[in-house]
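This is run-v4.txt (compact mmCIF, C-alpha atoms).
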# COMPACT_ATOMS: atom_id res chain seq x y z
CA MET K 1 9.80 -4.23 -3.59
CA ALA K 2 10.77 -6.65 -0.80
CA MET K 3 7.92 -7.96 1.34
CA ASN K 4 7.87 -7.30 5.07
CA PRO K 5 7.39 -10.28 7.47
CA ALA K 6 3.63 -9.63 7.80
CA GLN K 7 3.25 -9.65 4.00
CA ARG K 8 5.24 -12.88 3.73
CA ARG K 9 3.00 -14.52 6.34
CA TYR K 10 -0.09 -13.17 4.53
CA VAL K 11 1.02 -14.72 1.23
CA GLY K 12 1.95 -17.92 3.08
CA ARG K 13 -1.62 -18.13 4.40
CA MET K 14 -3.44 -17.01 1.24
CA ILE K 15 -1.82 -19.61 -1.04
CA PRO K 16 -3.03 -22.73 0.84
CA VAL K 17 -6.43 -21.13 1.55
CA SER K 18 -6.84 -20.29 -2.16
CA ILE K 19 -5.93 -23.86 -3.15
CA ALA K 20 -8.40 -25.17 -0.54
CA TYR K 21 -11.11 -22.81 -1.86
CA VAL K 22 -10.70 -23.91 -5.50
CA ALA K 23 -10.58 -27.59 -4.49
CA ALA K 24 -13.68 -27.17 -2.29
CA ILE K 25 -15.60 -25.44 -5.11
CA PHE K 26 -14.73 -28.26 -7.53
CA LEU K 27 -15.68 -30.83 -4.91
CA ALA K 28 -19.00 -29.17 -4.09
CA SER K 29 -19.83 -28.61 -7.79
CA SER K 30 -19.19 -32.25 -8.63
CA LEU K 31 -20.98 -33.73 -5.59
CA VAL K 32 -23.93 -31.34 -5.17
CA PRO K 33 -25.97 -30.42 -8.28
CA ASN K 34 -27.42 -26.89 -8.35
CA GLY K 35 -30.73 -26.64 -6.51
CA SER K 36 -30.22 -29.83 -4.49
CA PRO K 37 -32.36 -30.21 -1.36
CA ALA K 38 -30.67 -29.13 1.87
CA THR K 39 -29.79 -32.43 3.51
CA PRO K 40 -27.08 -32.82 6.16
CA LEU K 41 -24.73 -34.21 3.48
CA THR K 42 -25.30 -31.48 0.86
CA VAL K 43 -25.07 -28.76 3.52
CA ALA K 44 -21.83 -30.24 4.88
CA VAL K 45 -20.25 -30.39 1.40
CA ALA K 46 -21.48 -26.90 0.46
CA LEU K 47 -20.12 -25.44 3.71
CA VAL K 48 -16.51 -26.32 2.90
CA PRO K 49 -15.95 -23.50 0.34
CA GLY K 50 -17.54 -21.11 2.84
CA LEU K 51 -15.00 -22.14 5.46
CA ALA K 52 -12.26 -21.37 2.93
CA VAL K 53 -13.73 -17.86 2.53
CA VAL K 54 -13.56 -17.52 6.31
CA GLY K 55 -9.90 -18.49 5.87
CA PHE K 56 -9.41 -15.57 3.46
CA ILE K 57 -10.95 -13.20 6.00
CA TRP K 58 -8.75 -14.64 8.79
CA ALA K 59 -5.63 -14.15 6.62
CA MET K 60 -6.61 -10.54 5.88
CA GLY K 61 -7.40 -9.78 9.52
CA SER K 62 -4.16 -11.38 10.74
CA TYR K 63 -2.23 -9.29 8.23
CA LEU K 64 -3.74 -6.10 9.66
CA PHE K 65 -2.93 -7.12 13.23
CA GLU K 66 0.63 -8.21 12.43
CA LEU K 67 1.62 -5.15 10.39
CA LYS K 68 4.26 -3.25 12.35
CA ASP K 69 4.48 -0.34 9.91
CA GLU K 70 1.82 2.12 11.10
CA TYR K 71 1.58 4.00 7.79
CA VAL K 72 1.08 0.83 5.75
CA ARG K 73 -1.50 -0.28 8.32
CA LEU K 74 -3.29 3.05 7.86
CA LEU K 75 -3.37 2.46 4.10
CA GLU K 76 -4.82 -1.02 4.62
CA VAL K 77 -7.45 0.21 7.08
CA ARG K 78 -8.49 2.95 4.64
CA LYS K 79 -8.85 0.31 1.93
CA ALA K 80 -11.00 -1.86 4.22
CA LEU K 81 -13.21 1.10 5.17
CA ILE K 82 -13.73 2.07 1.53
CA ALA K 83 -14.50 -1.57 0.68
CA THR K 84 -17.00 -1.79 3.54
CA ALA K 85 -18.70 1.46 2.54
CA LEU K 86 -18.94 0.30 -1.08
CA THR K 87 -20.31 -3.12 -0.09
CA LEU K 88 -22.91 -1.65 2.28
CA GLY K 89 -23.91 0.93 -0.30
CA VAL K 90 -24.24 -1.54 -3.17
CA CYS K 91 -26.04 -4.21 -1.13
CA ALA K 92 -28.45 -1.82 0.60
CA THR K 93 -29.27 0.00 -2.64
CA TRP K 94 -29.75 -3.23 -4.58
CA GLY K 95 -31.82 -4.67 -1.74
CA ILE K 96 -34.20 -1.71 -1.91
CA LEU K 97 -34.40 -2.13 -5.68
CA GLU K 98 -35.32 -5.78 -5.12
CA ILE K 99 -38.13 -4.75 -2.75
CA TYR K 100 -39.74 -2.28 -5.16
CA THR K 101 -38.88 -3.67 -8.58
CA ASN K 102 -38.30 -6.99 -10.29
CA VAL K 103 -34.54 -6.57 -10.76
CA PRO K 104 -32.60 -9.87 -10.59
CA ARG K 105 -31.91 -11.12 -7.05
CA LEU K 106 -28.36 -10.53 -5.84
CA ALA K 107 -27.13 -13.75 -4.20
CA ILE K 108 -25.50 -13.21 -0.80
CA PHE K 109 -22.51 -15.08 -2.23
CA TRP K 110 -21.53 -11.84 -4.01
CA VAL K 111 -21.07 -9.80 -0.81
CA PHE K 112 -17.48 -10.94 -0.28
CA PRO K 113 -16.40 -10.53 -3.93
CA ILE K 114 -17.94 -7.01 -3.93
CA TRP K 115 -15.92 -6.23 -0.78
CA CYS K 116 -12.75 -7.46 -2.51
CA VAL K 117 -13.48 -5.19 -5.49
CA GLY K 118 -13.88 -2.43 -2.90
CA LEU K 119 -10.38 -3.19 -1.60
CA ALA K 120 -8.98 -2.66 -5.09
CA ILE K 121 -10.91 0.63 -5.39
CA GLY K 122 -9.60 1.59 -1.93
CA GLY K 123 -6.06 0.99 -3.15
CA LEU K 124 -6.77 3.27 -6.10
CA VAL K 125 -8.19 5.98 -3.79
CA ASN K 126 -5.08 5.68 -1.59
CA ARG K 127 -2.86 6.05 -4.66
CA LEU K 128 -4.76 9.10 -5.89
CA THR K 129 -4.96 10.85 -2.51
CA LEU K 130 -1.78 9.72 -0.72
CA GLY K 131 0.41 8.51 -3.58
CA ALA K 132 0.63 4.95 -2.22
CA GLY K 133 -1.80 2.10 -2.67
CA GLY K 134 -0.96 -0.05 0.34
CA GLY K 135 1.20 -2.97 1.26
CA CYS K 136 -1.22 -5.82 0.74
CA PRO K 137 -0.10 -7.99 -2.23
CA MET R 138 2.37 19.53 10.79
CA ARG R 139 5.69 20.44 9.17
CA ASN R 140 8.92 18.57 9.85
CA ARG R 141 12.66 18.82 9.20
CA LEU R 142 13.12 15.15 8.39
CA LYS R 143 14.35 15.70 4.83
CA VAL R 144 16.96 18.26 5.95
CA LEU R 145 18.16 16.12 8.85
CA ARG R 146 18.39 13.11 6.57
CA ALA R 147 20.30 15.07 3.94
CA GLU R 148 22.76 16.34 6.57
CA ARG R 149 23.66 12.73 7.29
CA ASP R 150 23.68 11.79 3.60
CA TRP R 151 21.00 9.15 4.20
CA SER R 152 18.55 8.05 1.54
CA GLN R 153 14.89 7.52 2.43
CA GLY R 154 15.65 3.81 2.36
CA ASP R 155 18.54 4.26 4.83
CA LEU R 156 16.30 6.16 7.23
CA ALA R 157 13.48 3.64 6.81
CA GLU R 158 15.85 0.80 7.64
CA ARG R 159 17.10 2.58 10.78
CA LEU R 160 13.51 3.25 11.91
CA GLU R 161 12.32 -0.23 10.89
CA VAL R 162 9.52 1.19 8.75
CA SER R 163 8.85 1.14 5.00
CA ARG R 164 10.40 3.66 2.63
CA GLN R 165 6.89 4.80 1.70
CA SER R 166 6.31 5.65 5.39
CA VAL R 167 9.39 7.89 5.44
CA ASN R 168 8.27 9.50 2.18
CA ALA R 169 4.74 10.10 3.54
CA ILE R 170 6.11 11.71 6.72
CA GLU R 171 8.63 13.85 4.86
CA THR R 172 6.05 15.16 2.42
CA GLY R 173 3.57 15.91 5.22
CA LYS R 174 1.01 13.36 4.01
CA TYR R 175 1.21 11.48 7.29
CA ASP R 176 1.92 12.59 10.86
CA PRO R 177 3.64 9.77 12.77
CA SER R 178 2.33 8.39 16.06
CA LEU R 179 4.00 9.57 19.25
CA PRO R 180 6.05 6.34 19.63
CA LEU R 181 7.40 6.67 16.07
CA ALA R 182 8.06 10.38 16.58
CA PHE R 183 10.12 9.50 19.67
CA ARG R 184 12.06 6.87 17.67
CA ILE R 185 12.81 9.50 15.03
CA ALA R 186 13.89 11.99 17.70
CA ASP R 187 16.12 9.39 19.38
CA LEU R 188 17.70 8.48 16.05
CA PHE R 189 18.63 12.10 15.30
CA GLY R 190 19.47 12.88 18.93
CA LEU R 191 17.09 15.82 18.99
CA PRO R 192 13.95 16.72 20.94
CA ILE R 193 10.72 16.05 19.04
CA GLU R 194 9.88 19.75 18.83
CA GLU R 195 13.08 20.42 16.90
CA ILE R 196 12.01 17.93 14.23
CA PHE R 197 8.24 18.41 14.09
CA LEU R 198 6.95 21.96 13.91
CA LYS R 199 3.48 23.43 14.28
CA ASP R 200 2.00 24.84 11.05
Show me, as structure tokens, the structure contained in the file I just sent.
Amino acid sequence: MAMNPAQRRYVGRMIPVSIAYVAAIFLASSLVPNGSPATPLTVAVALVPGLAVVGFIWAMGSYLFELKDEYVRLLEVRKALIATALTLGVCATWGILEIYTNVPRLAIFWVFPIWCVGLAIGGLVNRLTLGAGGGCP
Amino acid sequence: MRNRLKVLRAERDWSQGDLAERLEVSRQSVNAIETGKYDPSLPLAFRIADLFGLPIEEIFLKD
């Protein structure tokens, strides 16, 4: 299926941000050993992959704003709502488990990946309920 | 809300893709409207009405 202009721009943004994210992770992993003290240098290096994640979020948000097709936008918003509900549910439930039991700590790093899994589940819910997953590649 | 989109499209021998192109929306949008899974916004409903040269209430009908 041909991509609409908003999808083309989304892919055009996600590719360089993804390359930047992978490069930043490699850079941070090679320069900052796990458990290093938080010095200005280690914090600066470790922040770079985080900025790339902000880039992912910017690309996703821009895609939503630029979508002209109202139905496809509805599908994407539904996916984002389902992802947000799943992320809040998982994180809040696990957080309570952490308070009362000795389950392993869930690093905050996992919040964004959980949300992305939620997007995929949202696409599945859209497909099952509306017959279309959404326009986001 | 029911609509006569499929009939009006068939009268003109347009595919869903043809109609989508004329309305500048995706084919899945046209399919969702035709099958009643999605009610279009007022601006899109007006675009549909303009395209078929009919008032909105002759295309979209109350249940």
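For the pair CA of Gly50 in chain K and CA of Pro113 in chain K, the interatomic distance is 12.6 Å.
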Residues of chain R within 10 Å of chain K, using only C-alpha atoms, as an mmCIF file with C-alpha atoms, keeping the file's coordinate frame?
data_model
loop_
_atom_site.group_PDB
_atom_site.id
_atom_site.type_symbol
_atom_site.label_atom_id
_atom_site.label_comp_id
_atom_site.auth_asym_id
_atom_site.auth_seq_id
_atom_site.Cartn_x
_atom_site.Cartn_y
_atom_site.Cartn_z
ATOM 1 C CA LEU R 160 13.510 3.250 11.910
ATOM 2 C CA GLU R 161 12.320 -0.230 10.890
ATOM 3 C CA VAL R 162 9.520 1.190 8.750
ATOM 4 C CA SER R 163 8.850 1.140 5.000
ATOM 5 C CA GLN R 165 6.890 4.800 1.700
ATOM 6 C CA SER R 166 6.310 5.650 5.390
ATOM 7 C CA VAL R 167 9.390 7.890 5.440
ATOM 8 C CA ASN R 168 8.270 9.500 2.180
ATOM 9 C CA ALA R 169 4.740 10.100 3.540
ATOM 10 C CA ILE R 170 6.110 11.710 6.720
ATOM 11 C CA LYS R 174 1.010 13.360 4.010
ATOM 12 C CA TYR R 175 1.210 11.480 7.290
ATOM 13 C CA ASP R 176 1.920 12.590 10.860
ATOM 14 C CA PRO R 177 3.640 9.770 12.770
ATOM 15 C CA SER R 178 2.330 8.390 16.060
ATOM 16 C CA LEU R 181 7.400 6.670 16.070
#
| task | With a distance cut-off of 10 Å and only C-alpha atoms, select the neighbouring residues of Arg159 in chain R, excluding the residue or stretch itself and same-chain residues fewer than 4 positions from it, and output the selection as number ranges by chain. | result | R: 153-155, 184-185, 188
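Picture a line from CA of Ala80 in chain K to CA of Leu142 in chain R; it runs 29.8 Å.
In this model, the gap between CA of Phe197 in chain R and CA of Lys79 in chain K comes to 27.7 Å.
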| task | Write out as JSON, numbers by chain the residues lying within 12 Å of Tyr21 in chain K, counting only C-alpha atoms and excluding same-chain residues fewer than 2 positions away. | result | {"K": [14, 15, 16, 17, 18, 19, 23, 24, 25, 26, 27, 28, 46, 47, 48, 49, 50, 51, 52, 53, 54, 55, 56]}
| request: Please identify all polymer residues within 12 Å of Pro104 in chain K, counting only C-alpha atoms, omitting same-chain residues fewer than 5 positions from it, and present them as a ChimeraX atom specification. | output: /K:94-95,97-99
